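This report refers to the structure that appears directly beneath it.
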Amino acid sequence: MLPFARVTIIGLGLIGSSIARAVRQHMPSARVTGFDADPAVRETALRIALCDDVADTAGTSVIDADLVILCVPVGAMGAAAAGIAADLPADAIVSDVGSCKESVVEAVRTALPDATFVPAHPVAGTENSGPEAGFASLFHGRWCIVTPVAGTDALAVERVREFWKRLGAEVETMAPDHHDRVLAVTSHLPHLIAYTIVGTASDMEEVTQSEVIKYSAGGFRDFTRIAASDPTMWRDVFLANKEAVLDMLQRFSEDLTALQRAIRWGKGDELFELFTRTRAIRRSIIEQGQDDAAPDFGRTHD
Ligand code: NAP
């Protein structure tokens, strides 16, 4: 039996449109309704037949839903939840895909105090945005972290977990605050570092922009993929997960200072020991199927 028969997706960008495609592929008898605040996105969704139905208002999109997934930037979750409050069926389950959880839990529970809310975060994405950037296999073999608050109906949590399994994801359950600390180090800090490096390179005076681009294969270009991620989404993530990000950033700065000192004093063994440990982490990621073993991220060199 399907965990849900009528799924509404609010926000038809990369993640929302990938969910729509994946539901149609893996649960073809489920009905998918979409809504996006941007009329141009709604038009595109209709043109590419992304959903069974694209509603003109948030309210009409949820009137017969049994699952509503908020797929908007984390700073817009409260407004998106408020937009469906008057029309949400009493037995519908609300979920989301936001990259941080504590702030989203607070925003959605404030807007929908009586709704059954099961927050979730699929740890999968690309640097692209919009309804045409999505694809059905985005969640295959990736983790989806479900972060219910204490006291949430266990059956509702199980149905959301089952939904993500049907889309091909591996599912883990975690407390929202723990999720935010884990993701601060595995996702948010790397994005901040990439944004910084790419920003620094583009502000240099003694090295020209054309040189930065021309010689980017030395490592720089691998940071540019992350630094090309959606500005709205990432602005919201840093503002929403402020405490955990600042804490991880403090630790990172201390480690960077230690490396600076090792370079200054010619402590090659310290550098070698760290670089050996980090190489082993890359190997573990590949062994656990979270990246491809192809060298140089699978780029061809013929
Ligand atoms: P996206 O491609 O930019 O799509 C978001 C869409 O939501 C946009 O079309 C946006 O319209 C629309 N929107 C904004 N406010 C709305 C509202 N109140 N009601 C209805 N629609 C609204 O973003 P995304 O990458 O799919 O990210 C969506 C969520 O997934 C975010 O919370 C993000 O943290 C999370 N997430 C992202 C990734 C990733 O790699 N991208 C991975 C995992 C989770 P406008 O453009 O007009 O504002």
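Identifiers for the structure tokens are assigned positionally: chains receive A, B, ... in sequence, residues are indexed from 1 per chain, and ligands are indexed from 1 in the order shown.
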
>> Can you pull out every residue with an atom within 8 Å of ligand 1? Use only C-alpha atoms and all ligand atoms and format it as a VMD selection string.
In response: chain A and resid 10 to 17 35 to 38 41 58 70 to 81 83 96 to 100 121 to 131 133 229 to 230 232 to 234 236 to 237

> Excluding same-chain residues fewer than 6 positions from Leu256 of chain A, what lies within 12 Å of it counting only C-alpha atoms, as a list in words?
Replying inline: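 My list of contacting residues is Ile193, Leu249, Gln250, Ala262, Ile263, Leu271 and Leu274 of chain A.
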
>> Could you tell me how far atom CA of Trp143 of chain A sits from atom CA of Ser284 of chain A, in Å to one decimal place?
In response: 15.6 Å

> Could you state the separation of atom CA of Thr57 of chain A and atom CA of Asp87 of chain A in Å, given to one decimal place?
Replying inline: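 Value for the atom CA of Thr57 of chain A-atom CA of Asp87 of chain A distance: 10.7 Å.
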
> Which residues come within 12 Å of Gln288 of chain A, counting only C-alpha atoms, excluding same-chain residues fewer than 5 positions away, as a list in words?
Replying inline: Gly141, Arg142, Trp143, Ile281, Arg282, Arg283 and Ala293 of chain A

Just the residues within 10 Å of Glu158 of chain A, please, counting only C-alpha atoms, with nothing from its chain fewer than 4 positions along; format it as an mmCIF file with N, CA, C and O atoms, in the first residue's frame.
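Below you can see part-v1.cif, which holds the result:
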data_model
loop_
_atom_site.group_PDB
_atom_site.id
_atom_site.type_symbol
_atom_site.label_atom_id
_atom_site.label_comp_id
_atom_site.auth_asym_id
_atom_site.auth_seq_id
_atom_site.Cartn_x
_atom_site.Cartn_y
_atom_site.Cartn_z
ATOM 1 N N PRO A 3 2.239 4.873 0.939
ATOM 2 C CA PRO A 3 2.156 5.646 2.182
ATOM 3 C C PRO A 3 1.228 6.862 2.054
ATOM 4 O O PRO A 3 0.589 7.276 3.019
ATOM 5 N N VAL A 118 5.970 16.435 10.239
ATOM 6 C CA VAL A 118 7.117 15.514 10.304
ATOM 7 C C VAL A 118 8.227 16.099 9.429
ATOM 8 O O VAL A 118 8.243 15.911 8.215
ATOM 9 N N VAL A 146 15.007 12.283 8.894
ATOM 10 C CA VAL A 146 13.684 12.672 9.394
ATOM 11 C C VAL A 146 13.891 13.142 10.835
ATOM 12 O O VAL A 146 14.573 12.470 11.618
ATOM 13 N N ASP A 153 3.039 11.807 16.326
ATOM 14 C CA ASP A 153 2.381 10.535 16.062
ATOM 15 C C ASP A 153 3.341 9.573 15.329
ATOM 16 O O ASP A 153 3.847 9.881 14.239
ATOM 17 N N ALA A 154 3.601 8.405 15.941
ATOM 18 C CA ALA A 154 4.597 7.469 15.401
ATOM 19 C C ALA A 154 4.206 6.956 14.016
ATOM 20 O O ALA A 154 5.073 6.745 13.159
ATOM 21 N N GLU A 162 8.600 5.857 5.105
ATOM 22 C CA GLU A 162 8.296 4.930 4.011
ATOM 23 C C GLU A 162 8.254 5.668 2.662
ATOM 24 O O GLU A 162 8.734 5.168 1.640
ATOM 25 N N PHE A 163 7.703 6.902 2.691
ATOM 26 C CA PHE A 163 7.645 7.719 1.474
ATOM 27 C C PHE A 163 9.049 7.900 0.892
ATOM 28 O O PHE A 163 9.291 7.690 -0.296
#

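The residues of segment 93-296 of chain A that DSSP classifies as strand (DSSP E or B), using the backbone of this structure, are Ile93, Val94, Ser95, Asp96, Thr116, Phe117, Val118, Ala120, His121, Pro122, Trp143, Cys144, Ile145, Val146, Glu170, Val171, Glu172 and Thr173 of chain A.
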
Suppose we keep C-alpha atoms; can you now write the selection as a short mmCIF file (atom, residue, chain, number, x, y, z; two decimals), in the first residue's frame?
data_model
loop_
_atom_site.label_atom_id
_atom_site.label_comp_id
_atom_site.auth_asym_id
_atom_site.auth_seq_id
_atom_site.Cartn_x
_atom_site.Cartn_y
_atom_site.Cartn_z
CA ILE A 93 0.57 15.26 7.24
CA VAL A 94 2.86 18.22 6.60
CA SER A 95 6.56 17.70 5.90
CA ASP A 96 9.41 19.78 4.47
CA THR A 116 0.88 16.82 12.21
CA PHE A 117 4.32 17.98 11.12
CA VAL A 118 7.12 15.51 10.30
CA ALA A 120 12.71 15.87 6.85
CA HIS A 121 15.89 16.73 4.96
CA PRO A 122 17.02 14.77 1.91
CA TRP A 143 20.27 9.77 3.03
CA CYS A 144 17.05 11.44 4.07
CA ILE A 145 17.10 12.58 7.72
CA VAL A 146 13.68 12.67 9.39
CA GLU A 170 18.11 5.59 2.94
CA VAL A 171 16.32 6.99 5.98
CA GLU A 172 17.74 8.06 9.35
CA THR A 173 15.92 9.65 12.29
#
